[in-house]
Amino acid sequence: MEWRPLLDLLFPAQCACCNALGSGLCESCSPKGENIRIRLPGLAVTALGPYEDSLRSAVLALKDGRRDVAEALGQAMARLVERGSLLVPIPTTARRRRVRGADGVALVARHAADLAGAGFLIALEQRSGDAQRGRSRAQRLAARGRFACQAGSMAGKRVILFDDVCTTGSTLRDCAAALREAGALVEHAVVIAVAKSGDPWREPIPN
């Protein structure tokens with residue numbers, strides 16, 4: 001039995017920012033400015049916008065398990081995804097997946113991949129139960145080796161990492177290292193938002 005129409009009737013999609021019905025992120029609240037592009041060591045990152053206002057509201061709703069928001073963000077992120085590319089989402093912890101009922105980043109990545117005509121692969125897992133949320137900046141930067149590639153050999157596969165927020169960039173770099181150890185080619189990442197930071201290795205790339 002198809003439950004989606006019933007769920008949509010009982011729990012209609014609602015904008016995470018202004019609460020308007022119809023979409024997890026309505027047209028009025030969707031980011032309208034230019035995308036943000038930064039460069040981390042060995043990795044170019046593109047984001048819809050800064051981690052503030054409507055994007056911050058949408059990401060927080062995504063972390064609360066809002067699937068309507070995941071679909072809306074997937075639609076917005078699809079324009080950042082190259083057709084034929086392979087998206088690999090950054091995984092959350094198993095505990096957070098149990099609490100939320102799903103991995104929000106993976107949901108957004110899958111929607112974006114489907115709309116953009118790209119591939120999608122769950123290839124990473126966290127080696128520890130630690131999450132970056134709640135850590136200090138110094139702790140985030142010091143964290144290494146927290147991820148492993150569970151997809152076996154990735155030799156020669158060109159991968160684009162996918163995450164919700166880039167803060168210091170340590171998680172993206174850690175995941176890129178794990179995939180490169182498995183043979184993947186990782187040069188780019190796409191994220192929903194970029195948090196403000198004065199880190200000197202975060203070099204802006206002109207649009």
# chains A, B, ... in the order shown; residues from 1 in each chain; ligands from 1

$ select_by_dssp --residues "stretch 20-202 of chain A" --states "helix (DSSP H, G or I)" --output "ChimeraX atom specification"
/A:53-63,67-80,94-100,104-116,137-142,170-181

$ closest_atom_pairs --of "stretch 38-102 of chain A" --to "stretch 170-193 of chain A" --cutoff "8 Å" --atoms "only C-alpha atoms" --output "tab-separated table"
residue	atom	partner	partner_atom	distance
A:Leu40	CA	A:Arg173	CA	7.9
A:Pro41	CA	A:Arg173	CA	7.8
A:Gly42	CA	A:Glu187	CA	6.5
A:Leu43	CA	A:Glu187	CA	4.9
A:Ala44	CA	A:His188	CA	4.8
A:Val45	CA	A:Ala189	CA	4.8
A:Thr46	CA	A:Val190	CA	4.9
A:Ala47	CA	A:Val191	CA	4.8
A:Leu48	CA	A:Ile192	CA	5.4
A:Gly49	CA	A:Ala193	CA	5.1
A:Pro50	CA	A:Ala193	CA	5.1
A:Tyr51	CA	A:Ala193	CA	4.9
A:Leu55	CA	A:Ala193	CA	6.8
A:Arg56	CA	A:Ala193	CA	7.8
A:Val59	CA	A:Ile192	CA	7.9
A:Leu73	CA	A:Ile192	CA	7.8
A:Met77	CA	A:Ile192	CA	7.1
A:Leu80	CA	A:Val190	CA	7.0
A:Val81	CA	A:Val190	CA	7.7
A:Ile90	CA	A:Cys175	CA	7.3

$ write_last_selection --atoms "N, CA and C atoms" --output "PDB file, in the first residue's frame"
ATOM      1  N   LEU A  40      39.321  24.311   0.184  1.00  0.00           N
ATOM      2  CA  LEU A  40      40.046  23.716   1.291  1.00  0.00           C
ATOM      3  C   LEU A  40      41.304  23.060   0.719  1.00  0.00           C
ATOM      4  N   PRO A  41      42.243  22.674   1.539  1.00  0.00           N
ATOM      5  CA  PRO A  41      43.412  21.964   1.014  1.00  0.00           C
ATOM      6  C   PRO A  41      43.003  20.702   0.247  1.00  0.00           C
ATOM      7  N   GLY A  42      43.194  20.719  -1.065  1.00  0.00           N
ATOM      8  CA  GLY A  42      42.887  19.559  -1.895  1.00  0.00           C
ATOM      9  C   GLY A  42      41.423  19.367  -2.227  1.00  0.00           C
ATOM     10  N   LEU A  43      40.571  20.365  -1.913  1.00  0.00           N
ATOM     11  CA  LEU A  43      39.132  20.176  -2.114  1.00  0.00           C
ATOM     12  C   LEU A  43      38.447  21.507  -2.388  1.00  0.00           C
ATOM     13  N   ALA A  44      37.723  21.580  -3.512  1.00  0.00           N
ATOM     14  CA  ALA A  44      36.908  22.755  -3.825  1.00  0.00           C
ATOM     15  C   ALA A  44      35.482  22.491  -3.358  1.00  0.00           C
ATOM     16  N   VAL A  45      34.886  23.462  -2.684  1.00  0.00           N
ATOM     17  CA  VAL A  45      33.560  23.289  -2.070  1.00  0.00           C
ATOM     18  C   VAL A  45      32.593  24.339  -2.621  1.00  0.00           C
ATOM     19  N   THR A  46      31.397  23.898  -3.013  1.00  0.00           N
ATOM     20  CA  THR A  46      30.345  24.810  -3.470  1.00  0.00           C
ATOM     21  C   THR A  46      29.134  24.661  -2.556  1.00  0.00           C
ATOM     22  N   ALA A  47      28.549  25.785  -2.148  1.00  0.00           N
ATOM     23  CA  ALA A  47      27.384  25.787  -1.261  1.00  0.00           C
ATOM     24  C   ALA A  47      26.290  26.660  -1.829  1.00  0.00           C
ATOM     25  N   LEU A  48      25.041  26.367  -1.426  1.00  0.00           N
ATOM     26  CA  LEU A  48      23.925  27.213  -1.829  1.00  0.00           C
ATOM     27  C   LEU A  48      24.070  28.623  -1.273  1.00  0.00           C
ATOM     28  N   GLY A  49      24.596  28.729  -0.048  1.00  0.00           N
ATOM     29  CA  GLY A  49      24.710  30.032   0.582  1.00  0.00           C
ATOM     30  C   GLY A  49      25.284  29.915   1.978  1.00  0.00           C
ATOM     31  N   PRO A  50      25.289  31.015   2.726  1.00  0.00           N
ATOM     32  CA  PRO A  50      25.827  30.994   4.085  1.00  0.00           C
ATOM     33  C   PRO A  50      24.867  30.304   5.058  1.00  0.00           C
ATOM     34  N   TYR A  51      25.424  29.797   6.137  1.00  0.00           N
ATOM     35  CA  TYR A  51      24.625  29.114   7.153  1.00  0.00           C
ATOM     36  C   TYR A  51      23.948  30.161   8.043  1.00  0.00           C
ATOM     37  N   LEU A  55      18.431  29.163   5.200  1.00  0.00           N
ATOM     38  CA  LEU A  55      19.202  27.929   5.082  1.00  0.00           C
ATOM     39  C   LEU A  55      19.505  27.331   6.446  1.00  0.00           C
ATOM     40  N   ARG A  56      19.766  28.167   7.422  1.00  0.00           N
ATOM     41  CA  ARG A  56      19.998  27.654   8.774  1.00  0.00           C
ATOM     42  C   ARG A  56      18.729  26.975   9.296  1.00  0.00           C
ATOM     43  N   VAL A  59      18.345  23.582   7.517  1.00  0.00           N
ATOM     44  CA  VAL A  59      19.288  22.557   7.990  1.00  0.00           C
ATOM     45  C   VAL A  59      18.886  22.042   9.373  1.00  0.00           C
ATOM     46  N   LEU A  73      15.312  20.645  -0.220  1.00  0.00           N
ATOM     47  CA  LEU A  73      16.736  20.936  -0.319  1.00  0.00           C
ATOM     48  C   LEU A  73      17.378  20.141  -1.454  1.00  0.00           C
ATOM     49  N   MET A  77      19.563  21.692  -4.345  1.00  0.00           N
ATOM     50  CA  MET A  77      20.958  21.269  -4.504  1.00  0.00           C
ATOM     51  C   MET A  77      21.234  20.638  -5.859  1.00  0.00           C
ATOM     52  N   LEU A  80      23.587  22.176  -8.330  1.00  0.00           N
ATOM     53  CA  LEU A  80      25.021  22.191  -8.045  1.00  0.00           C
ATOM     54  C   LEU A  80      25.695  20.878  -8.435  1.00  0.00           C
ATOM     55  N   VAL A  81      24.893  19.901  -8.861  1.00  0.00           N
ATOM     56  CA  VAL A  81      25.404  18.550  -9.120  1.00  0.00           C
ATOM     57  C   VAL A  81      25.539  18.319 -10.619  1.00  0.00           C
ATOM     58  N   ILE A  90      28.152  12.466   3.434  1.00  0.00           N
ATOM     59  CA  ILE A  90      28.859  12.317   4.705  1.00  0.00           C
ATOM     60  C   ILE A  90      27.891  11.677   5.693  1.00  0.00           C
TER      61      ILE A  90
END

$ closest_residue --among "A:Gln150, A:Ser57, A:Asn19, A:Gln14" --to "A:Pro31" --atoms "only C-alpha atoms"
A:Ser57

$ closest_residue --among "A:Leu86, A:Gly145, A:Asp164, A:Met154" --to "A:Val105" --atoms "only C-alpha atoms"
A:Asp164

$ residues_around --residues "A:Gly104" --least-positions-apart "3" --cutoff "10 Å" --atoms "only C-alpha atoms" --output "VMD selection string"
chain A and resid 59 61 to 67 69 to 71 89 91 to 92 96 to 97 100 to 101 107 to 110 163 to 164

$ residues_around --residues "A:Cys18" --least-positions-apart "3" --cutoff "12 Å" --atoms "only C-alpha atoms" --output "ChimeraX atom specification"
/A:13-15,21-30,53-55,57-58

$ atom_distance --atom1 "atom CA of A:Ala112" --atom2 "atom CA of A:Asp68"
13.5 Å

$ select_by_dssp --residues "stretch 13-207 of chain A" --states "strand (DSSP E or B)" --output "tab-separated table (two decimals) with all heavy atoms, in the first residue's frame"
chain	number	residue	atom	x	y	z
A	14	GLN	N	5.66	21.82	4.85
A	14	GLN	CA	5.57	23.15	5.43
A	14	GLN	C	6.95	23.78	5.43
A	14	GLN	O	7.93	23.16	5.86
A	14	GLN	CB	5.03	23.05	6.87
A	14	GLN	CG	4.72	24.37	7.52
A	14	GLN	CD	4.04	24.18	8.87
A	14	GLN	OE1	4.15	23.12	9.49
A	14	GLN	NE2	3.34	25.20	9.32
A	21	LEU	N	2.52	26.42	3.71
A	21	LEU	CA	2.27	25.05	3.27
A	21	LEU	C	2.65	24.87	1.80
A	21	LEU	O	2.59	25.81	1.03
A	21	LEU	CB	0.80	24.70	3.48
A	21	LEU	CG	0.29	24.70	4.93
A	21	LEU	CD1	-1.19	24.34	4.96
A	21	LEU	CD2	1.08	23.72	5.79
A	36	ILE	N	28.16	30.06	-2.92
A	36	ILE	CA	29.44	30.32	-2.28
A	36	ILE	C	30.41	29.23	-2.70
A	36	ILE	O	30.08	28.05	-2.67
A	36	ILE	CB	29.30	30.34	-0.74
A	36	ILE	CG1	28.44	31.53	-0.31
A	36	ILE	CG2	30.67	30.40	-0.07
A	36	ILE	CD1	28.21	31.59	1.18
A	37	ARG	N	31.60	29.64	-3.08
A	37	ARG	CA	32.64	28.67	-3.47
A	37	ARG	C	33.90	28.97	-2.66
A	37	ARG	O	34.38	30.10	-2.63
A	37	ARG	CB	32.92	28.75	-4.97
A	37	ARG	CG	31.70	28.48	-5.84
A	37	ARG	CD	32.01	28.70	-7.30
A	37	ARG	NE	32.94	27.68	-7.78
A	37	ARG	CZ	33.90	27.92	-8.67
A	37	ARG	NH1	34.09	29.14	-9.14
A	37	ARG	NH2	34.70	26.94	-9.07
A	38	ILE	N	34.42	27.94	-1.99
A	38	ILE	CA	35.65	28.08	-1.21
A	38	ILE	C	36.57	26.91	-1.56
A	38	ILE	O	36.13	25.90	-2.11
A	38	ILE	CB	35.38	28.09	0.31
A	38	ILE	CG1	34.72	26.78	0.76
A	38	ILE	CG2	34.54	29.29	0.71
A	38	ILE	CD1	34.61	26.63	2.26
A	39	ARG	N	37.83	27.08	-1.21
A	39	ARG	CA	38.80	26.01	-1.45
A	39	ARG	C	39.44	25.60	-0.13
A	39	ARG	O	40.00	26.43	0.59
A	39	ARG	CB	39.87	26.45	-2.43
A	39	ARG	CG	40.79	25.29	-2.86
A	39	ARG	CD	41.83	25.75	-3.87
A	39	ARG	NE	41.22	26.31	-5.06
A	39	ARG	CZ	40.69	25.57	-6.05
A	39	ARG	NH1	40.67	24.25	-5.95
A	39	ARG	NH2	40.15	26.16	-7.10
A	40	LEU	N	39.32	24.31	0.18
A	40	LEU	CA	40.05	23.72	1.29
A	40	LEU	C	41.30	23.06	0.72
A	40	LEU	O	41.41	22.90	-0.51
A	40	LEU	CB	39.19	22.66	1.99
A	40	LEU	CG	37.82	23.11	2.51
A	40	LEU	CD1	37.05	21.91	3.04
A	40	LEU	CD2	37.97	24.16	3.59
A	43	LEU	N	40.57	20.36	-1.91
A	43	LEU	CA	39.13	20.18	-2.11
A	43	LEU	C	38.45	21.51	-2.39
A	43	LEU	O	38.56	22.44	-1.60
A	43	LEU	CB	38.53	19.53	-0.86
A	43	LEU	CG	37.19	18.81	-0.98
A	43	LEU	CD1	37.30	17.60	-1.88
A	43	LEU	CD2	36.71	18.39	0.41
A	44	ALA	N	37.72	21.58	-3.51
A	44	ALA	CA	36.91	22.76	-3.82
A	44	ALA	C	35.48	22.49	-3.36
A	44	ALA	O	34.93	21.42	-3.61
A	44	ALA	CB	36.93	23.03	-5.32
A	45	VAL	N	34.89	23.46	-2.68
A	45	VAL	CA	33.56	23.29	-2.07
A	45	VAL	C	32.59	24.34	-2.62
A	45	VAL	O	32.93	25.53	-2.67
A	45	VAL	CB	33.64	23.41	-0.54
A	45	VAL	CG1	32.26	23.18	0.09
A	45	VAL	CG2	34.67	22.44	0.04
A	46	THR	N	31.40	23.90	-3.01
A	46	THR	CA	30.34	24.81	-3.47
A	46	THR	C	29.13	24.66	-2.56
A	46	THR	O	28.73	23.54	-2.24
A	46	THR	CB	29.94	24.51	-4.92
A	46	THR	OG1	31.08	24.56	-5.76
A	46	THR	CG2	28.91	25.51	-5.41
A	47	ALA	N	28.55	25.79	-2.15
A	47	ALA	CA	27.38	25.79	-1.26
A	47	ALA	C	26.29	26.66	-1.83
A	47	ALA	O	26.55	27.60	-2.60
A	47	ALA	CB	27.77	26.29	0.13
A	48	LEU	N	25.04	26.37	-1.43
A	48	LEU	CA	23.93	27.21	-1.83
A	48	LEU	C	24.07	28.62	-1.27
A	48	LEU	O	23.69	29.60	-1.91
A	48	LEU	CB	22.60	26.62	-1.34
A	48	LEU	CG	22.03	25.41	-2.07
A	48	LEU	CD1	20.74	24.97	-1.39
A	48	LEU	CD2	21.76	25.74	-3.53
A	49	GLY	N	24.60	28.73	-0.05
A	49	GLY	CA	24.71	30.03	0.58
A	49	GLY	C	25.28	29.91	1.98
A	49	GLY	O	25.72	28.84	2.40
A	50	PRO	N	25.29	31.01	2.73
A	50	PRO	CA	25.83	30.99	4.09
A	50	PRO	C	24.87	30.30	5.06
A	50	PRO	O	23.65	30.26	4.83
A	50	PRO	CB	25.98	32.48	4.42
A	50	PRO	CG	24.94	33.15	3.60
A	50	PRO	CD	24.86	32.37	2.32
A	86	LEU	N	29.14	11.16	-9.27
A	86	LEU	CA	28.81	10.20	-8.23
A	86	LEU	C	28.85	10.89	-6.88
A	86	LEU	O	29.91	11.32	-6.41
A	86	LEU	CB	29.80	9.03	-8.24
A	86	LEU	CG	29.61	7.96	-7.16
A	86	LEU	CD1	28.25	7.29	-7.29
A	86	LEU	CD2	30.73	6.92	-7.24
A	87	LEU	N	27.68	11.01	-6.24
A	87	LEU	CA	27.58	11.67	-4.94
A	87	LEU	C	27.78	10.67	-3.82
A	87	LEU	O	27.15	9.61	-3.80
A	87	LEU	CB	26.22	12.34	-4.77
A	87	LEU	CG	25.84	13.48	-5.71
A	87	LEU	CD1	24.52	14.10	-5.26
A	87	LEU	CD2	26.93	14.54	-5.74
A	88	VAL	N	28.61	11.03	-2.86
A	88	VAL	CA	28.82	10.23	-1.65
A	88	VAL	C	28.50	11.12	-0.45
A	88	VAL	O	29.23	12.09	-0.19
A	88	VAL	CB	30.26	9.70	-1.56
A	88	VAL	CG1	30.49	9.03	-0.20
A	88	VAL	CG2	30.53	8.70	-2.68
A	89	PRO	N	27.42	10.85	0.28
A	89	PRO	CA	27.06	11.70	1.43
A	89	PRO	C	27.95	11.42	2.64
A	89	PRO	O	28.43	10.31	2.83
A	89	PRO	CB	25.61	11.29	1.71
A	89	PRO	CG	25.53	9.87	1.24
A	89	PRO	CD	26.42	9.79	0.03
A	119	GLY	N	24.87	9.74	-10.00
A	119	GLY	CA	24.89	8.53	-9.22
A	119	GLY	C	24.88	8.84	-7.72
A	119	GLY	O	25.14	9.98	-7.31
A	120	PHE	N	24.57	7.83	-6.92
A	120	PHE	CA	24.49	8.00	-5.47
A	120	PHE	C	25.04	6.74	-4.82
A	120	PHE	O	24.67	5.62	-5.21
A	120	PHE	CB	23.03	8.23	-5.06
A	120	PHE	CG	22.79	8.21	-3.57
A	120	PHE	CD1	23.00	9.36	-2.82
A	120	PHE	CD2	22.38	7.06	-2.92
A	120	PHE	CE1	22.80	9.34	-1.44
A	120	PHE	CE2	22.17	7.04	-1.56
A	120	PHE	CZ	22.38	8.19	-0.82
A	124	LEU	N	30.70	5.62	2.98
A	124	LEU	CA	31.45	5.95	4.18
A	124	LEU	C	30.72	5.54	5.44
A	124	LEU	O	29.49	5.51	5.48
A	124	LEU	CB	31.73	7.46	4.23
A	124	LEU	CG	32.64	8.02	3.13
A	124	LEU	CD1	32.54	9.54	3.10
A	124	LEU	CD2	34.08	7.59	3.36
A	125	GLU	N	31.49	5.25	6.47
A	125	GLU	CA	30.93	5.00	7.80
A	125	GLU	C	31.84	5.64	8.83
A	125	GLU	O	33.04	5.81	8.60
A	125	GLU	CB	30.78	3.51	8.07
A	125	GLU	CG	32.09	2.75	8.09
A	125	GLU	CD	31.90	1.27	8.35
A	125	GLU	OE1	30.75	0.86	8.59
A	125	GLU	OE2	32.90	0.53	8.33
A	126	GLN	N	31.25	5.99	9.97
A	126	GLN	CA	32.05	6.57	11.04
A	126	GLN	C	32.70	5.46	11.84
A	126	GLN	O	32.05	4.51	12.25
A	126	GLN	CB	31.18	7.45	11.95
A	126	GLN	CG	30.77	8.74	11.31
A	126	GLN	CD	30.53	9.83	12.34
A	126	GLN	OE1	31.12	9.83	13.41
A	126	GLN	NE2	29.67	10.78	12.00
A	147	PHE	N	36.54	8.38	9.75
A	147	PHE	CA	35.71	7.74	8.73
A	147	PHE	C	36.49	6.65	8.00
A	147	PHE	O	37.71	6.70	7.89
A	147	PHE	CB	35.22	8.78	7.72
A	147	PHE	CG	34.33	9.84	8.33
A	147	PHE	CD1	34.88	11.00	8.84
A	147	PHE	CD2	32.96	9.66	8.40
A	147	PHE	CE1	34.07	11.98	9.41
A	147	PHE	CE2	32.15	10.62	8.97
A	147	PHE	CZ	32.70	11.78	9.47
A	148	ALA	N	35.74	5.66	7.50
A	148	ALA	CA	36.31	4.59	6.70
A	148	ALA	C	35.43	4.34	5.49
A	148	ALA	O	34.21	4.56	5.54
A	148	ALA	CB	36.44	3.31	7.54
A	149	CYS	N	36.03	3.92	4.39
A	149	CYS	CA	35.27	3.58	3.20
A	149	CYS	C	34.82	2.13	3.30
A	149	CYS	O	35.64	1.22	3.46
A	149	CYS	CB	36.13	3.78	1.95
A	149	CYS	SG	35.26	3.38	0.42
A	158	ARG	N	35.46	8.89	-9.76
A	158	ARG	CA	35.49	10.32	-9.46
A	158	ARG	C	34.27	10.65	-8.59
A	158	ARG	O	33.13	10.50	-9.03
A	158	ARG	CB	35.48	11.14	-10.74
A	158	ARG	CG	35.80	12.61	-10.54
A	158	ARG	CD	36.05	13.30	-11.86
A	158	ARG	NE	37.23	12.76	-12.53
A	158	ARG	CZ	38.47	13.15	-12.26
A	158	ARG	NH1	38.69	14.06	-11.33
A	158	ARG	NH2	39.48	12.64	-12.92
A	159	VAL	N	34.53	11.09	-7.39
A	159	VAL	CA	33.50	11.23	-6.36
A	159	VAL	C	33.31	12.70	-5.98
A	159	VAL	O	34.27	13.47	-5.92
A	159	VAL	CB	33.88	10.42	-5.10
A	159	VAL	CG1	33.02	10.78	-3.92
A	159	VAL	CG2	33.77	8.92	-5.39
A	160	ILE	N	32.06	13.09	-5.72
A	160	ILE	CA	31.75	14.39	-5.15
A	160	ILE	C	31.16	14.16	-3.76
A	160	ILE	O	30.15	13.47	-3.61
A	160	ILE	CB	30.76	15.18	-6.03
A	160	ILE	CG1	31.37	15.48	-7.39
A	160	ILE	CG2	30.36	16.48	-5.34
A	160	ILE	CD1	30.44	16.23	-8.33
A	161	LEU	N	31.80	14.72	-2.75
A	161	LEU	CA	31.28	14.60	-1.38
A	161	LEU	C	30.06	15.51	-1.20
A	161	LEU	O	29.96	16.57	-1.83
A	161	LEU	CB	32.36	14.98	-0.38
A	161	LEU	CG	33.46	13.95	-0.16
A	161	LEU	CD1	34.60	14.56	0.65
A	161	LEU	CD2	32.91	12.71	0.54
A	162	PHE	N	29.16	15.11	-0.31
A	162	PHE	CA	27.91	15.84	-0.11
A	162	PHE	C	27.65	15.95	1.40
A	162	PHE	O	27.63	14.94	2.11
A	162	PHE	CB	26.76	15.07	-0.77
A	162	PHE	CG	25.49	15.86	-0.95
A	162	PHE	CD1	25.14	16.36	-2.19
A	162	PHE	CD2	24.65	16.10	0.13
A	162	PHE	CE1	23.96	17.08	-2.36
A	162	PHE	CE2	23.48	16.83	-0.02
A	162	PHE	CZ	23.13	17.31	-1.28
A	163	ASP	N	27.46	17.19	1.89
A	163	ASP	CA	27.20	17.38	3.31
A	163	ASP	C	26.23	18.53	3.52
A	163	ASP	O	25.88	19.25	2.57
A	163	ASP	CB	28.52	17.64	4.05
A	163	ASP	CG	28.45	17.28	5.53
A	163	ASP	OD1	27.41	16.76	5.99
A	163	ASP	OD2	29.44	17.52	6.25
A	164	ASP	N	25.80	18.72	4.78
A	164	ASP	CA	24.87	19.81	5.05
A	164	ASP	C	25.57	21.13	5.29
A	164	ASP	O	25.27	22.13	4.64
A	164	ASP	CB	23.92	19.45	6.21
A	164	ASP	CG	24.64	19.00	7.46
A	164	ASP	OD1	25.89	18.99	7.48
A	164	ASP	OD2	23.95	18.64	8.44
A	165	VAL	N	26.53	21.17	6.22
A	165	VAL	CA	27.21	22.43	6.55
A	165	VAL	C	28.72	22.22	6.58
A	165	VAL	O	29.20	21.25	7.17
A	165	VAL	CB	26.74	22.98	7.91
A	165	VAL	CG1	27.45	24.29	8.24
A	165	VAL	CG2	25.23	23.18	7.92
A	166	CYS	N	29.43	23.14	5.98
A	166	CYS	CA	30.89	23.17	6.09
A	166	CYS	C	31.25	24.23	7.12
A	166	CYS	O	30.96	25.42	6.90
A	166	CYS	CB	31.54	23.48	4.75
A	166	CYS	SG	33.34	23.68	4.82
A	185	LEU	N	38.94	9.29	-6.69
A	185	LEU	CA	39.42	10.62	-7.03
A	185	LEU	C	38.45	11.63	-6.45
A	185	LEU	O	37.28	11.67	-6.85
A	185	LEU	CB	39.52	10.77	-8.55
A	185	LEU	CG	40.37	9.72	-9.28
A	185	LEU	CD1	40.26	9.91	-10.79
A	185	LEU	CD2	41.82	9.80	-8.84
A	186	VAL	N	38.89	12.42	-5.50
A	186	VAL	CA	38.01	13.36	-4.80
A	186	VAL	C	38.61	14.76	-4.88
A	186	VAL	O	39.62	15.04	-4.25
A	186	VAL	CB	37.81	12.97	-3.33
A	186	VAL	CG1	36.70	13.80	-2.70
A	186	VAL	CG2	37.53	11.49	-3.18
A	187	GLU	N	37.96	15.62	-5.65
A	187	GLU	CA	38.43	16.99	-5.81
A	187	GLU	C	37.38	18.02	-5.43
A	187	GLU	O	37.71	19.19	-5.23
A	187	GLU	CB	38.86	17.23	-7.26
A	187	GLU	CG	40.02	16.34	-7.71
A	187	GLU	CD	40.36	16.55	-9.17
A	187	GLU	OE1	39.56	17.21	-9.89
A	187	GLU	OE2	41.42	16.06	-9.60
A	188	HIS	N	36.10	17.60	-5.36
A	188	HIS	CA	35.02	18.56	-5.14
A	188	HIS	C	34.06	18.06	-4.05
A	188	HIS	O	33.94	16.85	-3.82
A	188	HIS	CB	34.23	18.79	-6.43
A	188	HIS	CG	35.04	19.40	-7.52
A	188	HIS	ND1	35.74	18.64	-8.44
A	188	HIS	CD2	35.28	20.70	-7.85
A	188	HIS	CE1	36.37	19.43	-9.28
A	188	HIS	NE2	36.11	20.68	-8.95
A	189	ALA	N	33.38	19.01	-3.45
A	189	ALA	CA	32.30	18.73	-2.50
A	189	ALA	C	31.21	19.76	-2.71
A	189	ALA	O	31.48	20.90	-3.11
A	189	ALA	CB	32.81	18.77	-1.07
A	190	VAL	N	29.97	19.36	-2.45
A	190	VAL	CA	28.85	20.30	-2.44
A	190	VAL	C	28.18	20.21	-1.08
A	190	VAL	O	28.02	19.12	-0.52
A	190	VAL	CB	27.83	20.01	-3.57
A	190	VAL	CG1	28.42	20.32	-4.92
A	190	VAL	CG2	27.34	18.58	-3.53
A	191	VAL	N	27.83	21.36	-0.54
A	191	VAL	CA	27.19	21.42	0.77
A	191	VAL	C	26.01	22.38	0.69
A	191	VAL	O	25.94	23.23	-0.19
A	191	VAL	CB	28.17	21.88	1.88
A	191	VAL	CG1	29.33	20.90	2.01
A	191	VAL	CG2	28.69	23.28	1.61
A	192	ILE	N	25.09	22.22	1.63
A	192	ILE	CA	23.93	23.11	1.65
A	192	ILE	C	24.36	24.53	2.04
A	192	ILE	O	23.93	25.51	1.43
A	192	ILE	CB	22.87	22.57	2.63
A	192	ILE	CG1	22.35	21.21	2.15
A	192	ILE	CG2	21.70	23.56	2.76
A	192	ILE	CD1	21.51	20.48	3.18
A	193	ALA	N	25.21	24.64	3.07
A	193	ALA	CA	25.58	25.96	3.57
A	193	ALA	C	27.01	25.96	4.10
A	193	ALA	O	27.55	24.91	4.47
A	193	ALA	CB	24.61	26.40	4.67
A	194	VAL	N	27.59	27.15	4.14
A	194	VAL	CA	28.93	27.34	4.69
A	194	VAL	C	28.83	28.28	5.89
A	194	VAL	O	28.25	29.37	5.79
A	194	VAL	CB	29.88	27.95	3.63
A	194	VAL	CG1	31.21	28.34	4.27
A	194	VAL	CG2	30.11	26.97	2.51
A	203	GLU	N	39.93	29.38	1.35
A	203	GLU	CA	40.17	30.42	0.35
A	203	GLU	C	38.92	30.60	-0.52
A	203	GLU	O	38.46	29.66	-1.16
A	203	GLU	CB	41.35	30.01	-0.53
A	203	GLU	CG	41.62	30.94	-1.69
A	203	GLU	CD	42.65	30.37	-2.63
A	203	GLU	OE1	43.26	29.33	-2.31
A	203	GLU	OE2	42.83	30.96	-3.70
A	204	PRO	N	38.36	31.82	-0.57
A	204	PRO	CA	37.20	32.04	-1.45
A	204	PRO	C	37.58	31.85	-2.92
A	204	PRO	O	38.67	32.24	-3.34
A	204	PRO	CB	36.82	33.50	-1.16
A	204	PRO	CG	37.48	33.83	0.15
A	204	PRO	CD	38.73	33.01	0.20

$ atom_distance --atom1 "atom CA of A:Cys17" --atom2 "atom CA of A:Ser197"
23.7 Å
